[in-house]
file run.tsv (TSV, C-alpha atoms)
chain	number	residue	atom	x	y	z
A	1	MET	CA	43.90	-227.58	3.91
A	2	LYS	CA	45.20	-224.36	5.36
A	3	HIS	CA	42.20	-222.55	3.87
A	4	TRP	CA	39.68	-224.90	5.52
A	5	GLY	CA	41.64	-224.83	8.77
A	6	CYS	CA	41.45	-221.04	8.86
A	7	LEU	CA	37.71	-221.14	8.20
A	8	ALA	CA	37.17	-223.64	11.02
A	9	LEU	CA	39.22	-221.55	13.42
A	10	PHE	CA	37.26	-218.43	12.43
A	11	ALA	CA	33.94	-220.23	12.98
A	12	LEU	CA	35.04	-221.43	16.41
A	13	SER	CA	36.21	-217.95	17.40
A	14	PHE	CA	32.93	-216.44	16.21
A	15	ALA	CA	30.90	-218.98	18.22
A	16	VAL	CA	32.87	-218.24	21.37
A	17	ALA	CA	32.54	-214.50	20.87
A	18	ALA	CA	28.82	-214.76	20.12
A	19	GLU	CA	28.03	-216.73	23.29
A	20	PRO	CA	26.45	-214.25	25.74
A	21	ALA	CA	28.30	-213.54	28.96
A	22	THR	CA	26.48	-214.44	32.18
A	23	PRO	CA	25.45	-211.35	34.15
A	24	VAL	CA	27.13	-210.22	37.35
A	25	LEU	CA	25.14	-208.99	40.36
A	26	ARG	CA	26.62	-206.54	42.88
A	27	ILE	CA	24.92	-206.24	46.28
A	28	ALA	CA	25.92	-203.99	49.18
A	29	SER	CA	24.64	-204.94	52.65
A	30	LEU	CA	25.02	-202.03	55.05
A	31	ARG	CA	24.22	-200.44	58.38
A	32	LEU	CA	24.24	-196.65	58.38
A	33	PRO	CA	25.32	-194.53	61.36
A	34	GLN	CA	22.54	-194.48	63.98
A	35	ASP	CA	23.69	-191.28	65.63
A	36	SER	CA	21.97	-188.36	63.89
A	37	THR	CA	24.96	-186.04	64.29
A	38	GLN	CA	27.35	-188.58	62.78
A	39	TRP	CA	24.91	-189.31	59.95
A	40	ASN	CA	24.51	-185.65	59.07
A	41	GLN	CA	28.28	-185.19	59.10
A	42	GLN	CA	29.04	-188.23	56.97
A	43	ARG	CA	26.06	-188.70	54.65
A	44	GLU	CA	27.55	-186.79	51.70
A	45	ARG	CA	30.74	-188.86	51.90
A	46	ILE	CA	28.74	-192.08	52.24
A	47	GLN	CA	26.73	-191.14	49.16
A	48	ALA	CA	29.95	-190.56	47.20
A	49	LEU	CA	31.36	-193.90	48.35
A	50	LEU	CA	28.23	-195.77	47.28
A	51	ALA	CA	28.17	-193.97	43.94
A	52	ASP	CA	31.72	-195.23	43.30
A	53	LEU	CA	30.74	-198.82	44.27
A	54	ARG	CA	27.93	-198.86	41.67
A	55	ALA	CA	26.04	-201.67	43.40
A	56	ASP	CA	22.97	-203.03	41.62
A	57	VAL	CA	21.20	-203.38	44.96
A	58	ILE	CA	21.89	-201.77	48.34
A	59	ALA	CA	20.24	-203.36	51.39
A	60	VAL	CA	20.27	-201.26	54.55
A	61	GLN	CA	19.52	-202.86	57.91
A	62	ASP	CA	18.08	-201.32	61.07
A	63	VAL	CA	16.65	-198.23	59.40
A	64	GLN	CA	14.65	-195.87	61.60
A	65	GLN	CA	12.39	-193.05	60.54
A	66	SER	CA	10.12	-190.58	62.31
A	67	PRO	CA	8.55	-187.20	61.50
A	68	ASP	CA	11.65	-185.53	62.94
A	69	ALA	CA	14.15	-187.93	61.32
A	70	PRO	CA	13.45	-188.80	57.66
A	71	ASN	CA	14.47	-192.21	56.33
A	72	PRO	CA	18.26	-192.03	55.74
A	73	ALA	CA	18.31	-194.96	53.30
A	74	CYS	CA	15.65	-193.37	51.09
A	75	TRP	CA	17.58	-190.08	51.25
A	76	LEU	CA	20.54	-191.96	49.77
A	77	ALA	CA	18.31	-193.57	47.14
A	78	THR	CA	17.09	-190.18	45.96
A	79	ARG	CA	20.63	-188.88	45.63
A	80	LEU	CA	21.85	-192.05	43.88
A	81	ARG	CA	18.74	-192.25	41.65
A	82	TYR	CA	17.74	-195.67	42.95
A	83	SER	CA	14.27	-196.81	43.96
A	84	CYS	CA	13.68	-197.24	47.71
A	85	ASP	CA	11.39	-199.75	49.46
A	86	PHE	CA	11.05	-199.41	53.24
A	87	ILE	CA	10.24	-202.82	54.74
A	88	THR	CA	8.80	-202.66	58.24
A	89	ALA	CA	6.32	-204.45	60.48
A	90	ASP	CA	5.38	-201.12	62.11
A	91	PRO	CA	2.08	-199.66	60.88
A	92	PRO	CA	2.08	-196.21	59.23
A	93	SER	CA	0.25	-194.80	62.27
A	94	HIS	CA	3.38	-195.28	64.40
A	95	ALA	CA	5.46	-192.12	64.70
A	96	GLN	CA	8.67	-194.13	65.09
A	97	ARG	CA	9.11	-196.94	62.56
A	98	ARG	CA	11.99	-199.39	62.23
A	99	GLY	CA	12.84	-201.83	59.47
A	100	SER	CA	15.04	-202.45	56.44
A	101	ALA	CA	15.35	-200.71	53.10
A	102	VAL	CA	16.13	-201.94	49.60
A	103	LEU	CA	17.69	-199.48	47.17
A	104	ALA	CA	17.52	-200.89	43.64
A	105	GLY	CA	19.30	-199.73	40.53
A	106	LEU	CA	17.74	-202.61	38.58
A	107	ASP	CA	14.42	-202.84	36.76
A	108	VAL	CA	12.08	-204.27	39.45
A	109	LEU	CA	9.38	-206.49	37.95
A	110	GLU	CA	7.55	-207.48	41.17
A	111	ASP	CA	7.88	-206.90	44.89
A	112	GLY	CA	6.33	-208.12	48.09
A	113	ILE	CA	6.49	-208.11	51.88
A	114	THR	CA	5.66	-210.61	54.62
A	115	LEU	CA	5.87	-210.92	58.40
A	116	LEU	CA	8.22	-213.28	60.20
A	117	HIS	CA	6.79	-214.46	63.53
A	118	GLY	CA	8.29	-215.71	66.74
A	119	GLN	CA	6.81	-215.70	70.25
A	120	GLY	CA	5.14	-212.34	69.84
A	121	GLN	CA	8.06	-210.77	67.98
A	122	LEU	CA	7.32	-209.62	64.47
A	123	THR	CA	9.77	-208.52	61.81
A	124	ALA	CA	9.24	-207.86	58.13
A	125	ALA	CA	10.95	-209.45	55.14
A	126	GLY	CA	10.78	-208.13	51.61
A	127	MET	CA	11.27	-209.46	48.10
A	128	GLN	CA	12.05	-207.93	44.72
A	129	ARG	CA	12.00	-209.84	41.44
A	130	ALA	CA	14.34	-207.87	39.22
A	131	ARG	CA	15.77	-207.93	35.73
A	132	LEU	CA	19.54	-208.44	35.60
A	133	ASP	CA	20.52	-207.84	31.98
A	134	ARG	CA	17.91	-210.14	30.41
A	135	LYS	CA	17.72	-212.64	33.28
A	136	VAL	CA	15.41	-212.68	36.33
A	137	VAL	CA	16.63	-212.90	39.91
A	138	ASN	CA	14.79	-212.85	43.24
A	139	ILE	CA	16.31	-210.68	45.98
A	140	TYR	CA	14.96	-211.28	49.48
A	141	ILE	CA	15.85	-209.01	52.39
A	142	ALA	CA	15.49	-210.05	56.01
A	143	ARG	CA	16.76	-209.30	59.49
A	144	ILE	CA	16.72	-212.34	61.75
A	145	ALA	CA	18.14	-210.79	64.87
A	146	PRO	CA	15.32	-210.89	67.45
A	147	ASP	CA	15.35	-209.04	70.73
A	148	GLY	CA	17.17	-211.13	73.31
A	149	ASN	CA	18.72	-213.17	70.48
A	150	ASP	CA	16.39	-216.06	71.33
A	151	GLU	CA	17.23	-219.26	69.41
A	152	GLU	CA	13.60	-220.40	69.24
A	153	VAL	CA	12.52	-217.05	67.80
A	154	ARG	CA	15.33	-217.21	65.24
A	155	ALA	CA	14.24	-220.70	64.21
A	156	GLN	CA	10.60	-219.65	63.74
A	157	GLN	CA	11.51	-216.55	61.76
A	158	ALA	CA	13.91	-218.53	59.56
A	159	ALA	CA	11.18	-221.15	58.95
A	160	ASP	CA	8.70	-218.42	57.98
A	161	LEU	CA	11.25	-216.92	55.59
A	162	LEU	CA	12.04	-220.27	53.97
A	163	ALA	CA	8.33	-221.04	53.51
A	164	TRP	CA	7.75	-217.63	51.92
A	165	ILE	CA	10.65	-218.09	49.53
A	166	GLY	CA	9.25	-221.46	48.50
A	167	ALA	CA	5.86	-219.87	47.80
A	168	THR	CA	7.13	-216.85	45.86
A	169	ASP	CA	10.40	-217.67	44.10
A	170	ALA	CA	8.73	-218.95	40.86
A	171	ASP	CA	11.72	-221.30	40.43
A	172	GLN	CA	13.98	-218.35	39.66
A	173	PRO	CA	17.51	-217.89	41.12
A	174	SER	CA	17.20	-216.45	44.62
A	175	LEU	CA	19.35	-214.95	47.32
A	176	VAL	CA	18.79	-213.48	50.77
A	177	VAL	CA	20.56	-210.33	51.88
A	178	GLY	CA	20.32	-209.42	55.54
A	179	GLU	CA	21.56	-209.48	59.08
A	180	PHE	CA	21.63	-212.75	61.00
A	181	SER	CA	22.28	-213.17	64.73
A	182	ALA	CA	22.50	-216.97	64.47
A	183	PRO	CA	25.95	-218.58	64.36
A	184	THR	CA	26.91	-219.68	60.86
A	185	ASP	CA	26.33	-223.42	61.31
A	186	GLU	CA	22.81	-222.79	62.68
A	187	LEU	CA	22.03	-220.42	59.81
A	188	VAL	CA	23.04	-223.03	57.23
A	189	ARG	CA	20.81	-225.65	58.89
A	190	GLN	CA	17.82	-223.30	59.07
A	191	LEU	CA	18.01	-222.18	55.42
A	192	PRO	CA	18.96	-225.30	53.42
A	193	GLY	CA	19.92	-224.66	49.82
A	194	PHE	CA	21.51	-221.32	50.65
A	195	GLN	CA	25.21	-220.71	51.21
A	196	PRO	CA	26.67	-217.72	53.09
A	197	ALA	CA	28.96	-215.62	50.93
A	198	ARG	CA	31.08	-214.48	53.89
A	199	ARG	CA	32.70	-217.87	54.36
A	200	ASN	CA	32.33	-221.50	53.37
A	201	PRO	CA	31.15	-223.22	56.57
A	202	SER	CA	31.43	-226.89	57.40
A	203	VAL	CA	30.62	-229.08	60.41
A	204	ARG	CA	34.30	-229.87	60.87
A	205	ARG	CA	35.27	-226.22	60.78
A	206	ALA	CA	32.52	-225.20	63.21
A	207	ALA	CA	33.45	-227.98	65.63
A	208	ALA	CA	37.12	-227.11	65.48
A	209	SER	CA	36.43	-223.45	66.21
A	210	GLY	CA	34.95	-224.19	69.62
A	211	ALA	CA	33.61	-221.02	71.24
A	212	ALA	CA	34.02	-219.07	68.02
A	213	GLY	CA	31.22	-221.20	66.53
A	214	VAL	CA	28.59	-219.33	68.58
A	215	ARG	CA	29.46	-215.92	67.17
A	216	PRO	CA	26.64	-214.15	65.30
A	217	HIS	CA	26.96	-214.45	61.54
A	218	GLY	CA	26.23	-210.76	60.95
A	219	LEU	CA	25.65	-208.96	57.64
A	220	ASP	CA	25.86	-211.18	54.58
A	221	VAL	CA	24.30	-212.49	51.38
A	222	LEU	CA	23.01	-216.08	51.27
A	223	TYR	CA	22.95	-217.47	47.74
A	224	GLN	CA	21.84	-220.64	45.94
A	225	VAL	CA	24.91	-222.60	44.90
A	226	ARG	CA	23.13	-223.99	41.83
A	227	SER	CA	22.37	-220.48	40.56
A	228	PHE	CA	25.44	-218.39	41.37
A	229	ALA	CA	29.20	-218.71	41.03
A	230	ASP	CA	32.42	-216.69	41.36
A	231	VAL	CA	31.29	-215.20	44.69
A	232	ALA	CA	33.57	-212.48	46.08
A	233	GLN	CA	33.30	-209.94	48.89
A	234	GLN	CA	34.92	-206.71	49.97
A	235	THR	CA	34.52	-204.58	53.07
A	236	VAL	CA	32.62	-201.33	52.66
A	237	GLU	CA	34.08	-198.65	54.89
A	238	LEU	CA	34.46	-194.90	54.87
A	239	ALA	CA	38.04	-193.71	55.07
A	240	PRO	CA	38.83	-191.54	58.12
A	241	ALA	CA	38.84	-187.80	57.60
A	242	GLY	CA	40.29	-185.06	59.76
A	243	GLN	CA	40.75	-186.23	63.35
A	244	GLU	CA	38.82	-189.50	62.93
A	245	PRO	CA	40.97	-192.33	64.33
A	246	ALA	CA	39.74	-195.20	62.13
A	247	PRO	CA	37.59	-196.01	59.09
A	248	LEU	CA	33.82	-196.14	59.57
A	249	ALA	CA	32.71	-199.73	58.90
A	250	LEU	CA	29.46	-199.82	56.92
A	251	GLY	CA	29.13	-203.43	55.74
A	252	VAL	CA	30.06	-205.68	52.84
A	253	MET	CA	29.83	-205.68	49.06
A	254	THR	CA	29.14	-209.07	47.46
A	255	THR	CA	29.67	-209.83	43.78
A	256	LEU	CA	28.09	-212.95	42.23
A	257	ARG	CA	27.85	-214.29	38.69
A	258	LEU	CA	24.39	-215.56	37.76
A	259	ILE	CA	24.55	-218.98	36.10
A	260	GLY	CA	20.87	-220.02	36.24
A	261	GLY	CA	17.47	-218.60	35.39
A	262	VAL	CA	15.61	-217.69	32.23
A	263	ALA	CA	15.28	-214.53	30.20
A	264	ALA	CA	12.91	-211.94	31.65
A	265	ASP	CA	10.90	-211.84	28.41
A	266	SER	CA	10.59	-215.64	28.01
A	267	PRO	CA	7.01	-216.88	27.69
A	268	ALA	CA	5.45	-218.60	30.69
A	269	PRO	CA	5.48	-222.41	30.47
call {"tool": "encode", "arguments": {"input": "run.tsv", "output": "C-alpha coordinates"}}
result
Amino acid sequence: MKHWGCLALFALSFAVAAEPATPVLRIASLRLPQDSTQWNQQRERIQALLADLRADVIAVQDVQQSPDAPNPACWLATRLRYSCDFITADPPSHAQRRGSAVLAGLDVLEDGITLLHGQGQLTAAGMQRARLDRKVVNIYIARIAPDGNDEEVRAQQAADLLAWIGATDADQPSLVVGEFSAPTDELVRQLPGFQPARRNPSVRRAAASGAAGVRPHGLDVLYQVRSFADVAQQTVELAPAGQEPAPLALGVMTTLRLIGGVAADSPAP
(Lines of atoms letter the chains of each structure in order from A and count residues from 1; the text may use other names and numbers.)
(Lines give C-alpha, C1' and ligand atoms only; values in the text may rest on other atoms or scores of the structure.)
Protein backbone atom coordinates (compact mmCIF):
# COMPACT_ATOMS: atom_id res chain seq x y z
CA MET A 1 0.00 0.00 0.00
CA LYS A 2 2.80 2.38 0.80
CA HIS A 3 4.38 1.56 -2.56
CA TRP A 4 1.21 2.40 -4.51
CA GLY A 5 0.64 5.49 -2.39
CA CYS A 6 4.12 6.77 -3.24
CA LEU A 7 3.52 6.14 -6.93
CA ALA A 8 0.21 8.03 -6.84
CA LEU A 9 1.82 10.96 -5.04
CA PHE A 10 4.65 11.01 -7.58
CA ALA A 11 2.19 10.99 -10.49
CA LEU A 12 0.21 13.86 -8.97
CA SER A 13 3.37 15.88 -8.37
CA PHE A 14 4.53 15.25 -11.94
CA ALA A 15 1.16 16.37 -13.36
CA VAL A 16 1.25 19.59 -11.34
CA ALA A 17 4.83 20.29 -12.36
CA ALA A 18 4.12 19.51 -16.02
CA GLU A 19 1.15 21.91 -16.24
CA PRO A 20 2.41 25.03 -18.07
CA ALA A 21 2.44 28.30 -16.17
CA THR A 22 0.26 31.08 -17.59
CA PRO A 23 2.34 33.92 -19.02
CA VAL A 24 2.73 37.31 -17.36
CA LEU A 25 2.57 40.57 -19.33
CA ARG A 26 4.37 43.72 -18.15
CA ILE A 27 3.27 47.06 -19.66
CA ALA A 28 4.67 50.50 -18.88
CA SER A 29 2.47 53.51 -19.74
CA LEU A 30 4.51 56.70 -19.73
CA ARG A 31 4.82 60.36 -20.58
CA LEU A 32 8.37 61.56 -21.24
CA PRO A 33 9.62 65.05 -20.36
CA GLN A 34 8.34 67.57 -22.92
CA ASP A 35 11.04 70.14 -22.25
CA SER A 36 13.97 69.41 -24.57
CA THR A 37 16.58 70.51 -22.03
CA GLN A 38 15.13 68.26 -19.33
CA TRP A 39 14.85 65.36 -21.78
CA ASN A 40 18.46 65.67 -22.88
CA GLN A 41 19.59 65.82 -19.26
CA GLN A 42 17.55 62.84 -18.11
CA ARG A 43 17.26 60.51 -21.10
CA GLU A 44 20.24 58.30 -20.17
CA ARG A 45 18.85 57.82 -16.66
CA ILE A 46 15.37 57.14 -18.03
CA GLN A 47 16.81 54.52 -20.37
CA ALA A 48 18.56 52.82 -17.44
CA LEU A 49 15.36 52.86 -15.38
CA LEU A 50 13.36 51.27 -18.19
CA ALA A 51 16.05 48.67 -18.79
CA ASP A 52 15.74 47.64 -15.13
CA LEU A 53 11.91 47.45 -15.39
CA ARG A 54 12.14 44.98 -18.31
CA ALA A 55 8.64 45.75 -19.55
CA ASP A 56 7.33 43.65 -22.44
CA VAL A 57 5.64 46.72 -23.90
CA ILE A 58 6.24 50.43 -23.29
CA ALA A 59 3.50 52.83 -24.43
CA VAL A 60 4.49 56.50 -24.57
CA GLN A 61 1.82 59.19 -24.79
CA ASP A 62 2.01 62.68 -26.28
CA VAL A 63 5.14 62.08 -28.34
CA GLN A 64 6.29 64.93 -30.57
CA GLN A 65 8.82 64.82 -33.36
CA SER A 66 10.15 67.28 -35.92
CA PRO A 67 13.25 67.59 -38.11
CA ASP A 68 14.95 69.46 -35.27
CA ALA A 69 13.69 67.15 -32.49
CA PRO A 70 13.87 63.41 -33.26
CA ASN A 71 11.29 61.07 -31.75
CA PRO A 72 12.35 60.54 -28.10
CA ALA A 73 10.39 57.31 -27.69
CA CYS A 74 12.04 55.73 -30.72
CA TRP A 75 15.42 56.90 -29.41
CA LEU A 76 14.69 54.88 -26.26
CA ALA A 77 13.57 51.90 -28.34
CA THR A 78 16.87 51.85 -30.21
CA ARG A 79 18.85 51.93 -26.99
CA LEU A 80 16.66 49.25 -25.35
CA ARG A 81 16.58 47.10 -28.51
CA TYR A 82 12.79 47.26 -28.79
CA SER A 83 10.77 47.88 -31.93
CA CYS A 84 9.10 51.31 -32.19
CA ASP A 85 5.79 52.20 -33.88
CA PHE A 86 4.88 55.90 -34.03
CA ILE A 87 1.09 56.25 -34.12
CA THR A 88 -0.12 59.63 -35.34
CA ALA A 89 -2.94 61.22 -37.31
CA ASP A 90 -0.52 63.81 -38.72
CA PRO A 91 0.60 63.12 -42.30
CA PRO A 92 4.32 62.64 -43.02
CA SER A 93 4.36 65.98 -44.86
CA HIS A 94 3.85 67.84 -41.57
CA ALA A 95 7.09 69.10 -40.07
CA GLN A 96 5.71 68.82 -36.54
CA ARG A 97 3.95 65.53 -35.77
CA ARG A 98 2.31 64.42 -32.53
CA GLY A 99 1.05 61.03 -31.44
CA SER A 100 1.81 57.95 -29.36
CA ALA A 101 4.52 55.33 -29.59
CA VAL A 102 4.60 51.61 -28.83
CA LEU A 103 7.94 50.07 -27.89
CA ALA A 104 7.67 46.28 -28.04
CA GLY A 105 10.05 43.68 -26.71
CA LEU A 106 7.67 40.93 -27.85
CA ASP A 107 7.38 39.15 -31.19
CA VAL A 108 4.79 41.27 -33.06
CA LEU A 109 2.66 39.16 -35.41
CA GLU A 110 0.40 41.92 -36.82
CA ASP A 111 -0.13 45.63 -36.36
CA GLY A 112 -2.56 48.30 -37.46
CA ILE A 113 -3.67 51.90 -37.06
CA THR A 114 -7.01 53.71 -37.24
CA LEU A 115 -8.42 57.20 -36.73
CA LEU A 116 -10.73 58.16 -33.89
CA HIS A 117 -13.13 60.95 -34.87
CA GLY A 118 -15.00 63.60 -32.97
CA GLN A 119 -16.34 66.95 -34.19
CA GLY A 120 -13.41 67.62 -36.45
CA GLN A 121 -10.82 66.33 -33.99
CA LEU A 122 -8.80 63.36 -35.15
CA THR A 123 -6.50 61.17 -33.12
CA ALA A 124 -4.85 57.89 -33.99
CA ALA A 125 -5.09 54.54 -32.23
CA GLY A 126 -2.80 51.60 -32.85
CA MET A 127 -2.87 47.85 -32.37
CA GLN A 128 -0.25 45.12 -32.09
CA ARG A 129 -1.03 41.41 -32.02
CA ALA A 130 1.92 39.91 -30.22
CA ARG A 131 3.21 36.56 -29.03
CA LEU A 132 3.49 36.25 -25.25
CA ASP A 133 5.35 33.00 -24.62
CA ARG A 134 3.20 30.81 -26.88
CA LYS A 135 -0.06 32.74 -26.44
CA VAL A 136 -1.47 35.64 -28.50
CA VAL A 137 -2.54 38.96 -27.03
CA ASN A 138 -3.87 42.15 -28.62
CA ILE A 139 -2.41 45.42 -27.34
CA TYR A 140 -4.29 48.57 -28.33
CA ILE A 141 -2.91 52.04 -27.67
CA ALA A 142 -5.06 55.15 -27.60
CA ARG A 143 -5.19 58.68 -26.26
CA ILE A 144 -8.73 59.87 -25.62
CA ALA A 145 -7.97 63.31 -24.29
CA PRO A 146 -9.40 65.74 -26.87
CA ASP A 147 -8.67 69.44 -26.96
CA GLY A 148 -11.07 71.22 -24.63
CA ASN A 149 -11.81 67.88 -22.93
CA ASP A 150 -15.21 67.80 -24.65
CA GLU A 151 -17.44 64.96 -23.39
CA GLU A 152 -19.14 64.46 -26.76
CA VAL A 153 -15.78 64.15 -28.50
CA ARG A 154 -14.61 61.65 -25.88
CA ALA A 155 -17.75 59.59 -26.40
CA GLN A 156 -17.31 59.50 -30.20
CA GLN A 157 -13.64 58.58 -29.98
CA ALA A 158 -14.35 55.86 -27.42
CA ALA A 159 -17.12 54.48 -29.68
CA ASP A 160 -14.75 54.43 -32.65
CA LEU A 161 -12.13 52.61 -30.57
CA LEU A 162 -14.61 50.02 -29.31
CA ALA A 163 -15.89 49.36 -32.84
CA TRP A 164 -12.33 48.93 -34.13
CA ILE A 165 -11.48 46.50 -31.35
CA GLY A 166 -14.57 44.46 -32.19
CA ALA A 167 -13.51 44.32 -35.85
CA THR A 168 -9.85 43.42 -35.27
CA ASP A 169 -9.46 41.47 -32.02
CA ALA A 170 -9.97 38.01 -33.65
CA ASP A 171 -11.47 36.84 -30.32
CA GLN A 172 -8.05 37.03 -28.68
CA PRO A 173 -7.41 38.54 -25.20
CA SER A 174 -7.20 42.31 -25.53
CA LEU A 175 -6.23 45.34 -23.50
CA VAL A 176 -6.02 49.08 -24.09
CA VAL A 177 -3.09 51.11 -22.84
CA GLY A 178 -3.42 54.87 -23.00
CA GLU A 179 -4.32 58.21 -21.54
CA PHE A 180 -7.95 59.00 -20.76
CA SER A 181 -9.37 62.40 -19.81
CA ALA A 182 -12.79 60.96 -18.94
CA PRO A 183 -13.61 60.32 -15.27
CA THR A 184 -13.37 56.65 -14.36
CA ASP A 185 -17.10 55.91 -14.24
CA GLU A 186 -17.60 57.43 -17.72
CA LEU A 187 -14.66 55.45 -19.09
CA VAL A 188 -16.11 52.18 -17.80
CA ARG A 189 -19.49 52.95 -19.42
CA GLN A 190 -17.91 53.87 -22.76
CA LEU A 191 -15.71 50.76 -23.01
CA PRO A 192 -17.82 47.87 -21.66
CA GLY A 193 -15.94 44.65 -21.06
CA PHE A 194 -12.78 46.47 -20.04
CA GLN A 195 -11.69 47.18 -16.48
CA PRO A 196 -9.20 49.89 -15.46
CA ALA A 197 -6.14 48.49 -13.72
CA ARG A 198 -5.59 51.64 -11.65
CA ARG A 199 -8.59 51.02 -9.43
CA ASN A 200 -11.73 48.94 -9.20
CA PRO A 201 -14.55 51.44 -9.85
CA SER A 202 -18.18 51.07 -8.86
CA VAL A 203 -21.29 53.24 -9.08
CA ARG A 204 -21.48 53.41 -5.30
CA ARG A 205 -17.86 54.47 -4.99
CA ALA A 206 -18.18 57.11 -7.72
CA ALA A 207 -21.34 58.53 -6.16
CA ALA A 208 -19.79 58.64 -2.71
CA SER A 209 -16.73 60.48 -3.99
CA GLY A 210 -18.75 63.50 -5.09
CA ALA A 211 -16.55 66.04 -6.86
CA ALA A 212 -13.66 63.59 -7.02
CA GLY A 213 -15.71 61.53 -9.49
CA VAL A 214 -15.10 64.07 -12.27
CA ARG A 215 -11.32 63.81 -12.11
CA PRO A 216 -9.63 62.60 -15.32
CA HIS A 217 -8.69 58.94 -15.20
CA GLY A 218 -5.21 59.55 -16.61
CA LEU A 219 -2.62 56.97 -17.71
CA ASP A 220 -3.71 53.37 -17.31
CA VAL A 221 -4.24 49.93 -18.82
CA LEU A 222 -7.80 48.71 -19.45
CA TYR A 223 -8.02 44.91 -19.50
CA GLN A 224 -10.63 42.22 -20.15
CA VAL A 225 -11.55 40.59 -16.85
CA ARG A 226 -12.25 37.25 -18.55
CA SER A 227 -8.73 37.16 -20.01
CA PHE A 228 -6.45 38.57 -17.31
CA ALA A 229 -5.93 38.11 -13.58
CA ASP A 230 -3.54 39.05 -10.76
CA VAL A 231 -3.38 42.68 -11.91
CA ALA A 232 -0.85 44.85 -10.07
CA GLN A 233 0.60 48.31 -10.60
CA GLN A 234 3.59 50.34 -9.50
CA THR A 235 4.54 53.96 -10.08
CA VAL A 236 7.34 54.60 -12.55
CA GLU A 237 9.44 57.55 -11.44
CA LEU A 238 13.01 58.72 -11.74
CA ALA A 239 14.74 59.26 -8.42
CA PRO A 240 15.97 62.83 -7.84
CA ALA A 241 19.61 63.51 -8.52
CA GLY A 242 21.78 66.41 -7.44
CA GLN A 243 19.67 69.45 -6.55
CA GLU A 244 16.39 68.03 -7.89
CA PRO A 245 13.73 68.46 -5.18
CA ALA A 246 11.49 65.48 -6.02
CA PRO A 247 11.26 62.34 -8.19
CA LEU A 248 10.29 62.79 -11.84
CA ALA A 249 6.94 61.03 -12.33
CA LEU A 250 6.84 59.15 -15.64
CA GLY A 251 3.78 56.89 -15.40
CA VAL A 252 2.75 53.42 -14.27
CA MET A 253 3.86 49.83 -14.75
CA THR A 254 1.06 47.26 -14.93
CA THR A 255 1.59 43.52 -14.51
CA LEU A 256 -1.13 41.08 -15.61
CA ARG A 257 -1.34 37.30 -15.84
CA LEU A 258 -2.89 36.04 -19.08
CA ILE A 259 -5.54 33.38 -18.42
CA GLY A 260 -7.25 33.21 -21.84
CA GLY A 261 -6.31 32.87 -25.49
CA VAL A 262 -4.84 30.17 -27.68
CA ALA A 263 -1.33 29.24 -28.70
CA ALA A 264 0.19 31.45 -31.39
CA ASP A 265 0.90 28.42 -33.60
CA SER A 266 -2.57 26.84 -33.25
CA PRO A 267 -4.32 26.17 -36.56
CA ALA A 268 -7.14 28.49 -37.59
CA PRO A 269 -10.62 27.08 -36.90
call {"tool": "residues_around", "arguments": {"input": "run.tsv", "residues": "Pro33 of chain A", "least_positions_apart": "2", "cutoff": "10 Å", "atoms": "all atoms listed in the file", "output": "VMD selection string"}}
result
chain A and resid 30 to 31 35 to 40 42 to 43 62 to 63 72 248 to 250
call {"tool": "closest_residue", "arguments": {"input": "run.tsv", "among": "A:Leu80, A:Leu256, A:Leu191, A:Val262", "to": "Gln172 of chain A", "atoms": "all atoms listed in the file"}}
result
A:Val262
call {"tool": "closest_residue", "arguments": {"input": "run.tsv", "among": "A:Met253, A:Ala125, A:Leu115, A:Ala155", "to": "Phe86 of chain A", "atoms": "all atoms listed in the file"}}
result
A:Ala125
call {"tool": "atom_distance", "arguments": {"input": "run.tsv", "atom1": "atom CA of Arg189 of chain A", "atom2": "atom CA of Ala28 of chain A"}}
result
24.3 Å
call {"tool": "residues_around", "arguments": {"input": "run.tsv", "residues": "Val176 of chain A", "least_positions_apart": "4", "cutoff": "12 Å", "atoms": "all atoms listed in the file", "output": "ChimeraX atom specification"}}
result
/A:27-29,57,59,102,125-128,137-144,158,161-162,164-165,169,180,187,191,193-197,219-224,254
call {"tool": "closest_residue", "arguments": {"input": "run.tsv", "among": "A:Val153, A:Ala145, A:Val60, A:Leu76", "to": "Pro216 of chain A", "atoms": "only C-alpha atoms"}}
result
A:Ala145
call {"tool": "closest_residue", "arguments": {"input": "run.tsv", "among": "A:Ala232, A:Ile113, A:Leu238, A:Ala95", "to": "Asp52 of chain A", "atoms": "all atoms listed in the file"}}
result
A:Leu238
call {"tool": "closest_residue", "arguments": {"input": "run.tsv", "among": "A:Arg215, A:Arg154, A:Arg26, A:Arg54", "to": "Gly118 of chain A", "atoms": "all atoms listed in the file"}}
result
A:Arg154
call {"tool": "atom_distance", "arguments": {"input": "run.tsv", "atom1": "atom CA of Gln47 of chain A", "atom2": "atom CA of Leu25 of chain A"}}
result
20.0 Å
call {"tool": "closest_residue", "arguments": {"input": "run.tsv", "among": "A:Ser100, A:Gln34, A:Thr255, A:Thr168", "to": "Ala69 of chain A", "atoms": "only C-alpha atoms"}}
result
A:Gln34
call {"tool": "atom_distance", "arguments": {"input": "run.tsv", "atom1": "atom CA of Thr22 of chain A", "atom2": "atom CA of Leu53 of chain A"}}
result
20.2 Å
call {"tool": "residues_around", "arguments": {"input": "run.tsv", "residues": "Ala130 of chain A", "least_positions_apart": "2", "cutoff": "9 Å", "atoms": "all atoms listed in the file", "output": "short mmCIF file (atom, residue, chain, number, x, y, z; two decimals) with C-alpha atoms, in the coordinates of the input"}}
result
data_model
loop_
_atom_site.label_atom_id
_atom_site.label_comp_id
_atom_site.auth_asym_id
_atom_site.auth_seq_id
_atom_site.Cartn_x
_atom_site.Cartn_y
_atom_site.Cartn_z
CA ALA A 104 17.52 -200.89 43.64
CA LEU A 106 17.74 -202.61 38.58
CA ASP A 107 14.42 -202.84 36.76
CA VAL A 108 12.08 -204.27 39.45
CA LEU A 109 9.38 -206.49 37.95
CA GLU A 110 7.55 -207.48 41.17
CA ASP A 111 7.88 -206.90 44.89
CA GLN A 128 12.05 -207.93 44.72
CA LEU A 132 19.54 -208.44 35.60
CA LYS A 135 17.72 -212.64 33.28
CA VAL A 136 15.41 -212.68 36.33
CA VAL A 137 16.63 -212.90 39.91
CA ASN A 138 14.79 -212.85 43.24
CA ILE A 139 16.31 -210.68 45.98
CA ALA A 264 12.91 -211.94 31.65
#
